[in-house]
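First comes the structure, then the notes that go with it.
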There are 2 protein chains.
Amino acid sequence: MAPVPHGHVTLVQVARWAGVSAQTVSNAVNNPERVAPATRERILAAVEELGYEPNLSARALRNRSSSLIAFKTRPARTDKASLLMDEFLYALNAAAAEAGYHLILCHAEDGSANEIKAYRDLLKKTSVDAFVLAETHRNDDRVSALRSWGVPFASFGRSWDGDEATSWVDVDGRAGTRAATEHVAAQGHRRIGHLGWPAESEIGAERREGWLEGCRGRELETDLQVAVPDTLEAGRQAAHRMLDSSRPATALVCASDTLALGVLRALHERGLRPGADVAVTGFDDSPTAALVSPGLTTLHQPIDVVGRQLIQSIDNLLAGDPRDPQHVLLEPELIVRGSSLPGSPRQ
Amino acid sequence: MAPVPHGHVTLVQVARWAGVSAQTVSNAVNNPERVAPATRERILAAVEELGYEPNLSARALRNRSSSLIAFKTRPARTDKASLLMDEFLYALNAAAAEAGYHLILCHAEDGSANEIKAYRDLLKKTSVDAFVLAETHRNDDRVSALRSWGVPFASFGRSWDGDEATSWVDVDGRAGTRAATEHVAAQGHRRIGHLGWPAESEIGAERREGWLEGCRGRELETDLQVAVPDTLEAGRQAAHRMLDSSRPATALVCASDTLALGVLRALHERGLRPGADVAVTGFDDSPTAALVSPGLTTLHQPIDVVGRQLIQSIDNLLAGDPRDPQHVLLEPELIVRGSSLPGSPRQ
DNA sequence: GCCACGGGTTTTAACGTTAATAAATCGGCA
DNA sequence: TGCCGATTTATTAACGTTAAAACCCGTGGC
C-alpha cells in the first residue's frame with residue numbers, strides 16, 4: 001500500500017508526482033517563499049505522500065555542508081568518579097538532534113597532536129560543518145588549529161587565553177566552590193580546608209579561588225589547602241595529612257567528587273563520621289555522589305543547558321549570523337546531601 | 001610551503017598532477033591490482049604530496065555507502081550506577097575508528113516506536129551503512145524493522161527470539177552470577193540470597209539462573225530471592241526485607257551494582273558490616289563500585305572486546321562475507337573487593 | 001600479415017541536490 | 001493591443017566520486 005515499496009525517494013520523483021520541476025521542489029522545501037502558495041501546498045503533499053527525505057550526502061556534496069557536528073569522545077576511562085563528559089555527550093546529541101544536526105564522533109588517542117590530526121582527516125573526508133571542543137585549556141592547540149582552518153567551532157570551557165573570537169559555554173567553578181564554602185560555614189564550621197588540583201589546571205585554580213572568596217567573606221583562615229592529582233587515592237592520602245594537622249579542618253571543600261570520595265574513605269578509616277564530624281563537599285554531582293552513604297554534597301553542572309547553548313552558538317555561526325561570538329557562563333547548583341550536614345550519626 | 005594552501009584536494013587534481021585520468025587514481029586508491037605498479041606508485045606519491053583524502057559525501061552519493069555506523073545513545077540518565085552504555089559507546093567508537101568507520105549518533109526519546117522512526121529518518125537522509133543496537137530484548141521491534149528494511153546491523157545483546165540470522169555479541173550473565181555465588185560460597189556462606197530484576201527482563205532471568213546454578217552445585221537453599229526494579233531505593237528496601245527474615249541471608253548476590261549499593265546502604269542503616277557480616281556482590285563494575293568503602297565485589301564486562309567484535313561482524317556483513325552471522329558470548333570477570341570478604345571490620 | 005586476446009587506461013554517465021541563469025506567465029497600464 | 005516589470009517556474013551545470021563500457025596497444029597464434 002505504501003506508494004514507495006522500498007528504496008529512496010528523490011526530488012525528481014516528488015517533482016513528477018506533483019507535476020513540477022525538481023528545482024521547484026527543492027525551493028518548496030528549502031525556500032518556501034520563492035514558491036507560490038498553491039504550488040507549495042501541492043508539493044508538500046507529495047513530499048508527505050511519498051515520504052521524501054532529502055539525501056544528506058548529495059546535499060553535502062553540493063553545498064559543502066552536511067549538518068554534521070563533530071565531537072571527540074574522551075579517552076579511555078580513568079578511575080574518576082565524574083562522568084560529566086558522558087552526560088555532556090548525551091545532552092549535546094539531544095540538542096543537536098532537536099536543531100536538525102547529527103553528531104559524528106571522532107576518535108583519537110590522547111594528545112592534542114593526535115586529536116588535531118583526527119580533526120583534519122575528518123574535515124577532509126566528510127564535510128563536517130562544525131566542531132565542539134570540550135575541556136579547553138590555556139594555549140589550546142586545537143583552538144588555534146581550528147581557527148587557522150577557518151572551521152566554525154564552539155567549546156565547552158571558556159577561552160582561557162582571553163580569545164574573544166571563540167564562542168564558548170562554561171560553568172562557573174568559582175561560584176560553585178564559593179557556594180559550597182558558604183554552605184558549610186553556615187553549618188557553623190570555622191576551619192574550612194580546600195583539597196584541589198595542581199596549579200597548572202585553570203579549572204582547579206578557579207575552584208580554589210571560590211573557596212578563598214568564601215572564606216575571606218566570613219573572615220576565616222585560608223591556610224588549609226592542598227593540591228593533588230584528581231584520583232581517589234590522592235584525595236584519601238591528602239585528607240589524612242590534613243586531618244593529622246595540629247589544628248585540623250572540620251570541613252573540606254574539594255575540587256571534585258573523586259577527591260571528596262577519597263576524603264570519605266579516609267574518614268571511614270579514621271572512624272570519623274562525614275557530616276557529623278567533618279563536613280565534605282565535592283564537585284560535578286557524579287552518580288556516585290548520590291549512591292554513597294551518606295550522600296555527598298556536591299555541585300551540579302547544568303549540562304543540558306550547556307549542550308543547548310553550544311548548539312545554539314554553532315547554529316548562529318553557520319547561519320553566518322554576524323552577532324558577536326557568544327560567551328555564556330552558567331552557575332552550578334549546590335546539591336546538599338548528608339556529607340555536609342550534622343544530621344544523625346547514621347543515615 | 002604546503003602544495004595546497006587550503007580547500008579540498010580532489011581526484012582530478014591528483015590525476016592532473018600524476019598525468020593520468022581520474023578513474024585511474026580512483027582505481028589506484030580502491031583497486032590497486034587494476035593499475036600497473038609503476039603508475040600506481042606515481043599516483044600514490046601524488047596522493048601523499050597533495051594530501052588527498054577521498055570525499056566521503058561524494059563517495060556516499062555514488063556508492064550508497066558512507067562508512068558511517070549509527071548508534072543510538074541511551075535516554076536521559078537515571079539514578080543507575082551502571083555506565084556500561086557510556087563505556088560501550090567509547091569502546092565502539094574506538095573500534096570503529098580503527099576499522100575506518102565513523103560513528104554517527106542517533107537521538108530518540110524513549111520508546112521503540114520513536115527509535116524506529118529515528119532510524120528510518122537517518123537511513124533515508126544519510127547513507128548509513130549499518131546500525132548497532134544495544135540492550136536488545138525479546139520481540140524487539142527494532143530488530144524486525146531493520147531486518148525488514150534489509151539494513152545490516154549487529155547487536156550488543158543476544159537475539160532472545162532464537163533468531164539465528166542476527167549477528168550479536170553478548171556477555172554471559174549467567175556465568176557471571178554463578179561465579180559470584182561460588183565465590184561467596186567459598187568464603188563459607190551457606191545462606192546465599194539473590195536480589196534481582198522482575199521476570200520480564202531476559203537479562204535478569206539469566207543472572208538469576210546463574211545464582212540458582214551456583215547454589216544447586218553446592219546443594220544450598222534457593223528460597224531467598226526477590227525481584228525488584230533496578231534502583232538503589234528498591235535494593236535498599238528489599239535488603240531490609242530479606243534481612244528481617246527469620247533465617248536471613250549471610251550473602252546477597254545482586255543483579256546489578258545499583259541494587260548492591262542499595263544493599264550496602266541498608267547494611268549501613270542496620271549497623272552491619274559489608275563483607276564481615278553480610279557478603280554483597282553486584283554486576284557491571286560501575287565506577288562507583290571501586291569508589292565506595294569497602295569496595296564492591298562485582299562482575300566486569302569485557303566491553304572493549306564487545307566493541308571490537310561488533311565492528312568486526314559489521315565489517316563482515318558489509319563485505320558481503322557469506323560466512324554465517326556471528327554469535328559471540330563472552331565471560332564477565334569477577335572483581336573481588338571488600339564487600340564480599342570477611343576482611344577487617346574497617347577498610 | 002591478419003586477428004583475437006587481454007592488461008592497462010580513458011571516457012561516459014550517473015548518484016541527488018541546488019545556485020545561477022533563463023524562460024514563461026501574469027497583471028497592470030498606456 | 002502591446003509592452004513592462006514582477007513573480008513563478010524550468011533549464012543548465014556543477015559538487016567529487018566510481019561502475020561500466022570503450023579504447024588502445026603490444027603478444028601470440030595461425
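Every chain in the C-alpha cells has a letter given in the order shown (A, B, ...), and although residue numbers restart at 1 in each chain, ligands are simply numbered from 1 in the order shown.
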
Taking only C-alpha atoms (C1' of nucleotides) into account, what are the residues of chain B at most 7 Å from chain D, put as a ChimeraX atom specification? /B:10,55,58-59,62

Put those residues in a file: C-alpha atoms, as a compact mmCIF listing (two decimals), in the first residue's frame.
# COMPACT_ATOMS: atom_id res chain seq x y z
CA THR B 10 40.13 16.21 -5.41
CA ASN B 55 35.43 12.96 -0.10
CA ALA B 58 30.69 12.12 -2.96
CA ARG B 59 31.57 8.53 -2.35
CA ARG B 62 27.90 7.43 -5.77

Excluding Asp284 (chain A) and its own-chain neighbours fewer than 2 positions away, which residues fall within 6 Å of it when counting only C-alpha atoms (C1' of nucleotides)? Please give them as a ChimeraX atom specification. /A:286,299-300

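Using only C-alpha atoms (C1' of nucleotides), the protein and nucleic acid residues lying no more than 9 Å from region 326-331 of chain A, apart from those fewer than 6 places from it along its own chain, are Arg158, Glu164, Ala165, Thr166, Ser167, Trp168, Val169, Asp170, Val171, Asp172, Gly173, Ala175, Gly176, Gln301, Pro302, Val305, Val306, Gln309 and Ser313 of chain A.
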
Per-residue nearest contacts of chain A to chain B (7 Å; only C-alpha atoms) as JSON lines:
{"residue": "A:His8", "atom": "CA", "partner": "B:Lys124", "partner_atom": "CA", "distance": 6.4}
{"residue": "A:Glu53", "atom": "CA", "partner": "B:Lys125", "partner_atom": "CA", "distance": 5.8}
{"residue": "A:Pro54", "atom": "CA", "partner": "B:Lys125", "partner_atom": "CA", "distance": 5.6}
{"residue": "A:Asn55", "atom": "CA", "partner": "B:Lys125", "partner_atom": "CA", "distance": 4.4}
{"residue": "A:Leu56", "atom": "CA", "partner": "B:Thr126", "partner_atom": "CA", "distance": 5.1}
{"residue": "A:Ser57", "atom": "CA", "partner": "B:Ser57", "partner_atom": "CA", "distance": 4.8}
{"residue": "A:Ala58", "atom": "CA", "partner": "B:Leu61", "partner_atom": "CA", "distance": 5.8}
{"residue": "A:Ala60", "atom": "CA", "partner": "B:Ser57", "partner_atom": "CA", "distance": 6.2}
{"residue": "A:Leu61", "atom": "CA", "partner": "B:Ser57", "partner_atom": "CA", "distance": 5.6}
{"residue": "A:Thr73", "atom": "CA", "partner": "B:Tyr90", "partner_atom": "CA", "distance": 6.7}
{"residue": "A:Asp79", "atom": "CA", "partner": "B:Pro287", "partner_atom": "CA", "distance": 6.9}
{"residue": "A:Ala81", "atom": "CA", "partner": "B:Pro287", "partner_atom": "CA", "distance": 6.2}
{"residue": "A:Asp86", "atom": "CA", "partner": "B:Asp86", "partner_atom": "CA", "distance": 6.3}
{"residue": "A:Tyr90", "atom": "CA", "partner": "B:Thr73", "partner_atom": "CA", "distance": 6.7}
{"residue": "A:Asn93", "atom": "CA", "partner": "B:His107", "partner_atom": "CA", "distance": 6.7}
{"residue": "A:Ala94", "atom": "CA", "partner": "B:His107", "partner_atom": "CA", "distance": 6.0}
{"residue": "A:Ala97", "atom": "CA", "partner": "B:His107", "partner_atom": "CA", "distance": 6.2}
{"residue": "A:His102", "atom": "CA", "partner": "B:Leu105", "partner_atom": "CA", "distance": 6.6}
{"residue": "A:Leu103", "atom": "CA", "partner": "B:Leu105", "partner_atom": "CA", "distance": 5.5}
{"residue": "A:Ile104", "atom": "CA", "partner": "B:Ile104", "partner_atom": "CA", "distance": 4.4}
{"residue": "A:Leu105", "atom": "CA", "partner": "B:Leu103", "partner_atom": "CA", "distance": 5.4}
{"residue": "A:His107", "atom": "CA", "partner": "B:Ala94", "partner_atom": "CA", "distance": 6.1}
{"residue": "A:Lys124", "atom": "CA", "partner": "B:Glu53", "partner_atom": "CA", "distance": 6.0}
{"residue": "A:Lys125", "atom": "CA", "partner": "B:Asn55", "partner_atom": "CA", "distance": 4.5}
{"residue": "A:Thr126", "atom": "CA", "partner": "B:Leu56", "partner_atom": "CA", "distance": 5.2}
{"residue": "A:Leu261", "atom": "CA", "partner": "B:Leu291", "partner_atom": "CA", "distance": 6.9}
{"residue": "A:Arg265", "atom": "CA", "partner": "B:Ser293", "partner_atom": "CA", "distance": 6.1}
{"residue": "A:Glu269", "atom": "CA", "partner": "B:Gln347", "partner_atom": "CA", "distance": 6.1}
{"residue": "A:Pro287", "atom": "CA", "partner": "B:Ala81", "partner_atom": "CA", "distance": 6.2}
{"residue": "A:Thr288", "atom": "CA", "partner": "B:Thr288", "partner_atom": "CA", "distance": 5.2}
{"residue": "A:Leu291", "atom": "CA", "partner": "B:Leu261", "partner_atom": "CA", "distance": 6.8}
{"residue": "A:Val292", "atom": "CA", "partner": "B:Val292", "partner_atom": "CA", "distance": 6.6}
{"residue": "A:Ser293", "atom": "CA", "partner": "B:Arg265", "partner_atom": "CA", "distance": 6.1}
{"residue": "A:Arg346", "atom": "CA", "partner": "B:Glu269", "partner_atom": "CA", "distance": 6.4}
{"residue": "A:Gln347", "atom": "CA", "partner": "B:Glu269", "partner_atom": "CA", "distance": 6.2}

Keeping only C-alpha atoms, take the residues you just selected and write them out as a tab-separated table (two decimals), in the first residue's frame.
chain	number	residue	atom	x	y	z
A	8	HIS	CA	14.96	6.20	-1.57
A	53	GLU	CA	13.61	12.92	2.83
A	54	PRO	CA	16.44	14.93	1.31
A	55	ASN	CA	19.60	12.95	0.83
A	56	LEU	CA	22.24	14.49	3.01
A	57	SER	CA	25.16	13.11	1.04
A	58	ALA	CA	24.01	14.80	-2.11
A	60	ALA	CA	26.66	17.84	1.43
A	61	LEU	CA	28.37	17.35	-1.89
A	73	THR	CA	34.87	11.29	22.85
A	79	ASP	CA	39.25	5.82	37.83
A	81	ALA	CA	34.01	9.36	39.51
A	86	ASP	CA	29.31	11.25	29.15
A	90	TYR	CA	24.15	12.84	25.67
A	93	ASN	CA	23.36	14.91	21.00
A	94	ALA	CA	19.84	15.62	22.14
A	97	ALA	CA	19.01	16.35	17.04
A	102	HIS	CA	23.72	14.95	13.73
A	103	LEU	CA	26.69	14.27	15.90
A	104	ILE	CA	29.58	12.41	14.37
A	105	LEU	CA	32.16	11.03	16.75
A	107	HIS	CA	38.41	9.19	17.88
A	124	LYS	CA	38.84	16.48	4.57
A	125	LYS	CA	36.81	13.36	4.19
A	126	THR	CA	33.40	14.45	5.30
A	261	LEU	CA	35.22	10.32	47.84
A	265	ARG	CA	37.33	6.87	52.59
A	269	GLU	CA	39.41	4.70	58.05
A	287	PRO	CA	26.26	9.34	40.03
A	288	THR	CA	28.39	8.01	42.85
A	291	LEU	CA	24.79	6.48	45.81
A	292	VAL	CA	27.22	6.56	48.71
A	293	SER	CA	26.02	6.63	52.31
A	346	ARG	CA	23.63	7.03	60.93
A	347	GLN	CA	21.85	7.72	57.60

Between chain C and chain A, at 12 Å or less, what are the per-residue closest atom pairs and their distances in Å? Count only C-alpha atoms (C1' of nucleotides), order by chain and rising residue number, and return it as CSV.
residue,atom,partner,partner_atom,distance
C:DC15,C1',A:Ala58,CA,8.1
C:DG16,C1',A:Ala58,CA,5.0
C:DT17,C1',A:Arg59,CA,5.1
C:DT18,C1',A:Arg62,CA,6.8
C:DA19,C1',A:Asn63,CA,9.4
C:DA20,C1',A:Gln23,CA,11.9

Pick out each residue of region 103-290 of chain B that DSSP on the backbone tags as strand (DSSP E); I need them as a CSV table (one decimal) with N, CA and C atoms, in the first residue's frame.
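Writing the result to selection_21.csv gives the following:
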chain,number,residue,atom,x,y,z
B,103,LEU,N,31.3,6.8,13.7
B,103,LEU,CA,30.1,6.6,14.4
B,103,LEU,C,29.2,7.8,14.3
B,104,ILE,N,28.0,7.6,13.9
B,104,ILE,CA,27.1,8.8,13.9
B,104,ILE,C,26.0,8.5,14.9
B,105,LEU,N,25.7,9.5,15.7
B,105,LEU,CA,24.8,9.2,16.8
B,105,LEU,C,23.4,9.6,16.4
B,106,CYS,N,22.5,8.8,17.0
B,106,CYS,CA,21.1,8.9,16.7
B,106,CYS,C,20.4,9.3,18.0
B,130,ALA,N,25.3,0.8,8.4
B,130,ALA,CA,24.9,-0.2,9.3
B,130,ALA,C,24.5,0.4,10.7
B,131,PHE,N,23.8,-0.4,11.5
B,131,PHE,CA,23.4,0.0,12.8
B,131,PHE,C,24.0,-0.9,13.8
B,132,VAL,N,24.2,-0.3,15.0
B,132,VAL,CA,24.5,-1.1,16.2
B,132,VAL,C,23.4,-1.0,17.2
B,133,LEU,N,22.8,-2.0,17.6
B,133,LEU,CA,21.7,-2.0,18.6
B,133,LEU,C,22.4,-2.4,20.0
B,134,ALA,N,21.7,-1.9,21.0
B,134,ALA,CA,22.2,-2.3,22.3
B,134,ALA,C,21.0,-2.7,23.2
B,153,PHE,N,23.0,-4.9,10.5
B,153,PHE,CA,23.2,-4.5,11.8
B,153,PHE,C,23.7,-5.6,12.7
B,154,ALA,N,24.2,-5.2,13.8
B,154,ALA,CA,24.7,-6.2,14.8
B,154,ALA,C,24.3,-5.7,16.2
B,155,SER,N,24.1,-6.5,17.1
B,155,SER,CA,23.6,-6.1,18.4
B,155,SER,C,24.5,-6.5,19.6
B,156,PHE,N,24.5,-5.6,20.5
B,156,PHE,CA,25.2,-5.9,21.8
B,156,PHE,C,24.0,-6.4,22.7
B,167,SER,N,23.7,-11.1,13.8
B,167,SER,CA,25.0,-11.2,14.4
B,167,SER,C,24.9,-10.5,15.8
B,168,TRP,N,25.4,-11.1,16.8
B,168,TRP,CA,25.4,-10.4,18.1
B,168,TRP,C,26.6,-10.8,18.9
B,169,VAL,N,26.8,-9.9,19.9
B,169,VAL,CA,27.9,-10.2,20.9
B,169,VAL,C,27.2,-10.0,22.2
B,170,ASP,N,27.4,-10.8,23.2
B,170,ASP,CA,26.8,-10.7,24.5
B,170,ASP,C,27.7,-11.1,25.6
B,171,VAL,N,27.4,-10.8,26.8
B,171,VAL,CA,28.2,-11.2,27.9
B,171,VAL,C,27.3,-12.2,28.7
B,192,ILE,N,22.7,-18.0,50.9
B,192,ILE,CA,23.0,-17.0,49.8
B,192,ILE,C,21.7,-16.6,49.1
B,193,GLY,N,21.4,-15.3,49.2
B,193,GLY,CA,20.1,-14.9,48.6
B,193,GLY,C,20.4,-14.2,47.3
B,194,HIS,N,19.4,-14.0,46.5
B,194,HIS,CA,19.5,-13.3,45.2
B,194,HIS,C,18.6,-12.1,45.2
B,195,LEU,N,19.1,-10.9,44.8
B,195,LEU,CA,18.3,-9.8,44.6
B,195,LEU,C,18.4,-9.4,43.2
B,196,GLY,N,17.2,-9.6,42.5
B,196,GLY,CA,17.3,-9.5,41.0
B,196,GLY,C,16.2,-8.6,40.4
B,225,GLN,N,15.0,-15.2,47.4
B,225,GLN,CA,15.2,-14.4,46.2
B,225,GLN,C,14.0,-13.4,46.1
B,226,VAL,N,14.4,-12.3,45.6
B,226,VAL,CA,13.4,-11.2,45.5
B,226,VAL,C,13.7,-10.5,44.1
B,227,ALA,N,12.7,-10.0,43.5
B,227,ALA,CA,12.8,-9.3,42.2
B,227,ALA,C,12.3,-7.9,42.3
B,251,ALA,N,24.7,-13.8,52.7
B,251,ALA,CA,25.3,-13.2,51.5
B,251,ALA,C,24.2,-12.9,50.5
B,252,LEU,N,24.4,-11.8,49.7
B,252,LEU,CA,23.4,-11.4,48.7
B,252,LEU,C,24.1,-11.2,47.4
B,253,VAL,N,23.7,-12.0,46.4
B,253,VAL,CA,24.2,-11.8,45.1
B,253,VAL,C,23.2,-11.0,44.3
B,254,CYS,N,23.6,-9.8,43.8
B,254,CYS,CA,22.7,-8.9,43.2
B,254,CYS,C,22.9,-8.9,41.7
B,279,ALA,N,28.0,-10.7,53.0
B,279,ALA,CA,28.7,-10.5,51.8
B,279,ALA,C,27.8,-10.0,50.7
B,280,VAL,N,28.3,-9.1,49.9
B,280,VAL,CA,27.5,-8.5,48.8
B,280,VAL,C,28.2,-8.5,47.5
B,281,THR,N,27.5,-8.8,46.4
B,281,THR,CA,28.2,-8.7,45.1
B,281,THR,C,27.2,-8.0,44.2

C-alpha RMSD, in-order pairing, chain A superimposed onto chain B: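 After superposition, the RMSD is 0.2 Å.
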
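Distance-wise, CA of Leu296 (chain B) and CA of Thr136 (chain B) end up 27.1 Å apart.
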